[in-house]
Every structure is written in structure tokens, then in C-alpha cells.
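K.L.:
Encoded as C-alpha cells, here's the structure I'll be asking about.
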Amino acid sequence: MPELPEVETVKETLKTLIVGKTVEDVSIFLPRLIKEPEPEAFREMLKGRTVTGVGRRGKFLLIFFDPWVLVSHLRMEGRYSLELQDQPKEKHTHVIFGFTDGTELRYRDVRTFGTMHLWPKGEELDRPPLYKLGPEPLSDAFTLEQFTERLSGRKTRIKALLLNQEFLTGLGNIYVDESLYTAGIHPERSVSTLTSTEVKRLYESIRSTLKEAIEAGGSSVRSYVNGNGEMGRFQLRIKVYGRKGEPCHCCGTPIVRTVVAGRGTHFCSKCQD
DNA sequence: ACACACCCCTGGAAGC
DNA sequence: TGCTTCCAGGGGTGTG
């Protein structure tokens, strides 16, 4: 399930693979993935356009085809790969961007939850699905002071808030559980009960966890691979997510799994309170 | 503001 | 062995 570190890794690999290539045609096998504009317009807008860059906002991958920008969300299982046009199409391939040099950028998505929007470059941040997103956790603008300010007055459980992309963008289920573990905070703690020490620990844990995961090339927990088809390595460093019943690395207590905010939630009942 | 149910979807796991 | 049922997840929407 691609979260910020996985999308960041895909962005970096795609950059080396597709920048400079020109679209000859686009094949759409599952039109409902294309949310804006209508699929046929989407296709026509991209024909003849050259990839000028690849970016990221939260968990969204941005591919610039001046004057447009493709805003792509991989959801759980979306993945991009560059193939030669005569290579057989793998199952669950839903969109193919064919380039003039005979290569193709292919989008595969087993669960078909992914989405694509195509907007004029420069307008994407003011339109769905990016327009409501909260701050980028790794940006310089995201300071402890801003985090503290945004938390004030909130009464929900901390895990629910960290999953809320309008509050902070980029964290998903894995990195929320990991960040809360590292900070020693129970996922069901009400935000209003957090001390300033805990808020500081959480702020630092979120940033260090994400940075460490990016350095490791993301986590391949389910099906994630980067644009080169390579798995990440951070799953080897995961401390709680998916480790129900296994010993806490710190104290040996079995990791607990519950459901918080509708998501499977893993934590150490001794180290997190 | 917050909690929760529901929906989208598929394949793998679990249950029978 | 083979069938059916359950479950995971991000985000949108709707209800209380």
C-alpha cells in the first residue's frame, strides 16, 4: 500500500525512466480510473506531449506532460512500469502510455482503486483530489510549532487524525503505527491529552520514520514495487505493523492488534501509553 | 468536530 | 480437495 515513502521512491525511479519521452498514444482499458476529464479527452490531451518531470504531493504521484499534469493515486496496489511495446500485457494492466520511442509506461492495479486526474499544470493544487491536502510532513514549512498549532483544540484519537490527509498528508496505516510506536504513544490517545513532550516526540518520529523508509526504498508489505519493479527494504525494519503476537523489539511484550478508525492497528501495550 | 457505516475491488487466507 | 466467506485498505460519501 503505497504511502509517502513508496510514492517518493516511485517518483525517483520514474524520473530516470520517462522524462524526455513523448506520448504517441494512450490506451485506456478501464475508463473508470480516469476521473477527470472524460477518458477520450484525457487521451487526446496527452497525445504528442512530452514528459517534463515527475513529482509527488502526499501520496499522489504527479507526472508533468506540459502543459498538463497527471495526478495519479496508486491506492493499494497501483504500480507503474516501463516496458517495450511488444512485450505481452500483464494481467490487470489498465492504462498504457505509449511513447514514440517504442517504450510504454504501463499502469497496473489489481484492485482498481487507483485514480487519475489530468489538470492544467499549476491548477492541480486547487482542484480535486489535491485541493484539501494538509502539509507535507518532510517539508521545511512543517515545523514543530505548526504541528502543535494544528493539534490544538482537536479531541479525536491521535491515529485517526494522523490518517486524515487534510490534517497531514502522506501517512497511511503502516507509517502511522510505526511513528506512534517510535514516539511511545498509544494509537487511541485523545489528542487533547498529549503533552508537549509527546507532541515533540511524535513530530520527530513521523519525520525520522518517513526519512528512514525513503532511504530504504519504501516498504514492500503487500505488493509494492518501485518503477523498476524492485521491492523496498523498509519492511525489514518495521517494528509493529503486521507483527501481531510477535515480541516487541524493546520489551518483548507481544504486539497487540486492534481496530482503530476502521484500520488494523498494531502497538505495544507496554511501550505505548 | 467526531464516529461510524458503507462502498469501491480482488486474491489470498481461513473456515467448513 | 473444493467450495464459500471473510478480510485488507484509502478515500469519498452519507448519517447521527
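Labels for the C-alpha cells follow display order: chains A, B, ..., residues from 1 in each chain, ligands from 1.
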Enumerate as a tab-separated table (two decimals) with C-alpha atoms (C1' of nucleotides), in the first residue's frame the residues belonging to chain B that approach chain A to within 9 Å, with only C-alpha atoms (C1' of nucleotides) taken into account.
P.N.:
```tsv
chain	number	residue	atom	x	y	z
B	1	DA	C1'	-15.63	18.19	15.25
B	2	DC	C1'	-16.10	13.44	15.59
B	3	DA	C1'	-17.53	8.46	14.99
B	4	DC	C1'	-19.01	5.14	12.23
B	8	DC	C1'	-15.42	0.56	-4.40
B	9	DC	C1'	-12.36	-4.34	-5.72
B	10	DT	C1'	-9.65	-8.65	-5.92
B	11	DG	C1'	-6.98	-12.52	-4.42
```
K.L.:
Would you tabulate, counting only C-alpha atoms (C1' of nucleotides), all residues of chain A that have an atom at most 10 Å from an atom of chain C, showing the closest pair of atoms and their distance in Å to one decimal, sorted by chain then ascending number, as JSON lines?
P.N.:
```
{"residue": "A:Met1", "atom": "CA", "partner": "C:DG9", "partner_atom": "C1'", "distance": 7.5}
{"residue": "A:Pro2", "atom": "CA", "partner": "C:DG10", "partner_atom": "C1'", "distance": 9.9}
{"residue": "A:Glu3", "atom": "CA", "partner": "C:DG10", "partner_atom": "C1'", "distance": 9.9}
{"residue": "A:Lys59", "atom": "CA", "partner": "C:DG10", "partner_atom": "C1'", "distance": 9.9}
{"residue": "A:His73", "atom": "CA", "partner": "C:DG10", "partner_atom": "C1'", "distance": 9.5}
{"residue": "A:Leu74", "atom": "CA", "partner": "C:DG10", "partner_atom": "C1'", "distance": 9.5}
{"residue": "A:Arg75", "atom": "CA", "partner": "C:DG10", "partner_atom": "C1'", "distance": 5.9}
{"residue": "A:Met76", "atom": "CA", "partner": "C:DG9", "partner_atom": "C1'", "distance": 6.3}
{"residue": "A:Glu77", "atom": "CA", "partner": "C:DG9", "partner_atom": "C1'", "distance": 9.6}
{"residue": "A:Phe113", "atom": "CA", "partner": "C:DG10", "partner_atom": "C1'", "distance": 8.5}
{"residue": "A:Gly114", "atom": "CA", "partner": "C:DG10", "partner_atom": "C1'", "distance": 9.4}
{"residue": "A:Pro129", "atom": "CA", "partner": "C:DG11", "partner_atom": "C1'", "distance": 9.9}
{"residue": "A:Leu163", "atom": "CA", "partner": "C:DG10", "partner_atom": "C1'", "distance": 9.4}
{"residue": "A:Asn164", "atom": "CA", "partner": "C:DG11", "partner_atom": "C1'", "distance": 9.6}
{"residue": "A:Gln165", "atom": "CA", "partner": "C:DG11", "partner_atom": "C1'", "distance": 9.3}
{"residue": "A:Gly172", "atom": "CA", "partner": "C:DG10", "partner_atom": "C1'", "distance": 8.2}
{"residue": "A:Asn173", "atom": "CA", "partner": "C:DG9", "partner_atom": "C1'", "distance": 8.6}
{"residue": "A:Arg222", "atom": "CA", "partner": "C:DA8", "partner_atom": "C1'", "distance": 9.8}
{"residue": "A:Gly262", "atom": "CA", "partner": "C:DG9", "partner_atom": "C1'", "distance": 9.7}
{"residue": "A:Arg263", "atom": "CA", "partner": "C:DG9", "partner_atom": "C1'", "distance": 7.9}
{"residue": "A:Gly264", "atom": "CA", "partner": "C:DA8", "partner_atom": "C1'", "distance": 8.6}
```
K.L.:
For the structure I just gave you, how does DSSP split range 18-258 of chain A - specifically, which residues are strand (DSSP E or B)? Reply as a ChimeraX atom specification.
P.N.:
/A:22-28,34-36,50-57,60-65,68-73,79-84,93-99,103-108,115-120,157,190,247,254,256-258
K.L.:
Produce a file of the selected residues containing C-alpha atoms, as an mmCIF file, in the first residue's frame.
P.N.:
```cif
data_model
loop_
_atom_site.group_PDB
_atom_site.id
_atom_site.type_symbol
_atom_site.label_atom_id
_atom_site.label_comp_id
_atom_site.auth_asym_id
_atom_site.auth_seq_id
_atom_site.Cartn_x
_atom_site.Cartn_y
_atom_site.Cartn_z
ATOM 1 C CA THR A 22 6.908 11.865 -25.975
ATOM 2 C CA VAL A 23 3.456 10.283 -25.917
ATOM 3 C CA GLU A 24 2.295 8.763 -29.164
ATOM 4 C CA ASP A 25 -0.994 7.404 -27.882
ATOM 5 C CA VAL A 26 -2.756 6.353 -24.712
ATOM 6 C CA SER A 27 -4.718 3.111 -24.342
ATOM 7 C CA ILE A 28 -7.367 3.001 -21.647
ATOM 8 C CA ILE A 34 -9.834 8.291 -15.220
ATOM 9 C CA LYS A 35 -11.802 10.716 -13.059
ATOM 10 C CA GLU A 36 -11.092 13.956 -14.945
ATOM 11 C CA THR A 50 6.498 15.220 -23.659
ATOM 12 C CA VAL A 51 7.174 14.186 -20.063
ATOM 13 C CA THR A 52 8.990 17.078 -18.448
ATOM 14 C CA GLY A 53 9.142 15.869 -14.867
ATOM 15 C CA VAL A 54 7.752 13.678 -12.135
ATOM 16 C CA GLY A 55 6.628 14.913 -8.729
ATOM 17 C CA ARG A 56 4.718 13.998 -5.616
ATOM 18 C CA ARG A 57 2.150 15.593 -3.331
ATOM 19 C CA PHE A 60 -0.167 11.333 -5.132
ATOM 20 C CA LEU A 61 2.263 10.863 -7.980
ATOM 21 C CA LEU A 62 2.462 13.784 -10.412
ATOM 22 C CA ILE A 63 3.620 13.295 -13.977
ATOM 23 C CA PHE A 64 4.132 16.506 -15.922
ATOM 24 C CA PHE A 65 3.215 16.435 -19.581
ATOM 25 C CA TRP A 68 -0.781 19.233 -18.259
ATOM 26 C CA VAL A 69 -0.117 17.349 -15.067
ATOM 27 C CA LEU A 70 -1.326 13.834 -14.413
ATOM 28 C CA VAL A 71 -2.327 13.358 -10.771
ATOM 29 C CA SER A 72 -2.219 9.653 -10.044
ATOM 30 C CA HIS A 73 -3.117 7.863 -6.801
ATOM 31 C CA ARG A 79 2.096 0.305 -9.987
ATOM 32 C CA TYR A 80 3.892 1.775 -12.973
ATOM 33 C CA SER A 81 6.442 0.073 -15.148
ATOM 34 C CA LEU A 82 8.243 0.868 -18.362
ATOM 35 C CA GLU A 83 8.068 -1.878 -20.968
ATOM 36 C CA LEU A 84 8.753 -2.356 -24.648
ATOM 37 C CA THR A 93 -2.931 -3.514 -16.933
ATOM 38 C CA HIS A 94 -5.490 -0.706 -17.196
ATOM 39 C CA VAL A 95 -3.748 2.249 -18.836
ATOM 40 C CA ILE A 96 -0.819 2.339 -21.252
ATOM 41 C CA PHE A 97 1.024 5.496 -22.244
ATOM 42 C CA GLY A 98 2.767 4.595 -25.487
ATOM 43 C CA PHE A 99 5.853 6.648 -26.313
ATOM 44 C CA THR A 103 8.524 2.018 -24.993
ATOM 45 C CA GLU A 104 5.366 2.157 -22.898
ATOM 46 C CA LEU A 105 4.549 3.347 -19.403
ATOM 47 C CA ARG A 106 2.030 0.829 -18.111
ATOM 48 C CA TYR A 107 -0.273 1.204 -15.135
ATOM 49 C CA ARG A 108 -1.376 -1.978 -13.403
ATOM 50 C CA THR A 115 -7.416 7.218 -9.698
ATOM 51 C CA MET A 116 -6.117 9.600 -12.365
ATOM 52 C CA HIS A 117 -6.899 13.256 -12.916
ATOM 53 C CA LEU A 118 -5.417 15.436 -15.645
ATOM 54 C CA TRP A 119 -5.306 19.166 -14.990
ATOM 55 C CA PRO A 120 -3.586 22.173 -16.481
ATOM 56 C CA ARG A 157 -7.861 9.809 18.700
ATOM 57 C CA SER A 190 -7.057 11.558 22.621
ATOM 58 C CA PRO A 247 7.634 -9.754 20.658
ATOM 59 C CA PRO A 254 3.608 -9.474 22.288
ATOM 60 C CA VAL A 256 -1.316 -6.248 20.013
ATOM 61 C CA ARG A 257 -3.616 -5.827 17.018
ATOM 62 C CA THR A 258 -6.873 -3.914 17.367
#
```
K.L.:
Between CA of Glu124 in chain A and C1' of DC6 in chain B, measure the distance and give it in Å to one decimal.
P.N.:
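Computing the Euclidean distance for CA of Glu124 in chain A and C1' of DC6 in chain B yields 29.0 Å.
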K.L.:
Determine which residues of range 158-269 of chain A receive a DSSP assignment of helix (DSSP H, G or I), computed from the backbone, and state them as a short mmCIF file (atom, residue, chain, number, x, y, z; two decimals) with C-alpha atoms, in the first residue's frame.
P.N.:
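See result.cif below for the written result:
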```cif
data_model
loop_
_atom_site.label_atom_id
_atom_site.label_comp_id
_atom_site.auth_asym_id
_atom_site.auth_seq_id
_atom_site.Cartn_x
_atom_site.Cartn_y
_atom_site.Cartn_z
CA ILE A 158 -4.35 10.51 17.50
CA LYS A 159 -4.29 7.66 14.99
CA ALA A 160 -7.47 8.86 13.28
CA LEU A 161 -6.01 12.35 12.96
CA LEU A 162 -2.70 11.16 11.54
CA LEU A 163 -4.57 9.16 8.90
CA ASN A 173 -1.68 2.81 8.12
CA ILE A 174 1.86 1.44 8.25
CA TYR A 175 3.72 4.65 8.98
CA VAL A 176 1.14 5.87 11.48
CA ASP A 177 1.57 2.69 13.52
CA GLU A 178 5.35 2.88 13.22
CA SER A 179 5.51 6.56 14.14
CA LEU A 180 3.28 6.11 17.18
CA TYR A 181 5.38 3.18 18.35
CA THR A 182 8.60 5.12 18.00
CA ALA A 183 7.05 8.02 19.88
CA VAL A 191 -5.11 14.37 21.01
CA SER A 192 -6.14 16.69 23.82
CA THR A 193 -4.21 14.60 26.37
CA SER A 196 4.22 18.98 24.66
CA THR A 197 6.97 16.40 25.18
CA GLU A 198 4.86 13.76 23.49
CA VAL A 199 3.95 16.07 20.62
CA LYS A 200 7.63 16.78 20.06
CA ARG A 201 8.46 13.07 20.14
CA LEU A 202 5.66 12.35 17.69
CA TYR A 203 6.76 15.12 15.35
CA GLU A 204 10.30 13.78 15.32
CA SER A 205 9.14 10.16 14.98
CA ILE A 206 6.98 10.93 11.96
CA ARG A 207 9.82 12.69 10.18
CA SER A 208 12.51 10.15 11.07
CA THR A 209 10.30 7.18 10.19
CA LEU A 210 9.45 8.62 6.80
CA LYS A 211 13.03 9.60 6.05
CA GLU A 212 14.32 6.19 7.04
CA ALA A 213 11.68 4.49 4.87
CA ILE A 214 12.57 6.66 1.86
CA GLU A 215 16.24 5.76 2.30
CA PHE A 234 11.84 -0.93 4.98
CA GLN A 235 9.54 -3.87 5.74
CA LEU A 236 12.62 -5.45 7.34
CA ARG A 237 12.76 -2.54 9.77
#
```
K.L.:
So what do you get for CA of Asn226 in chain A versus CA of Lys15 in chain A, distance-wise?
P.N.:
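Interatomic distance here is 11.5 Å.
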K.L.:
For CA of Leu194 in chain A and CA of Glu246 in chain A, quote the distance in Å rounded to one decimal.
P.N.:
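Between CA of Leu194 in chain A and CA of Glu246 in chain A the gap is 27.5 Å.
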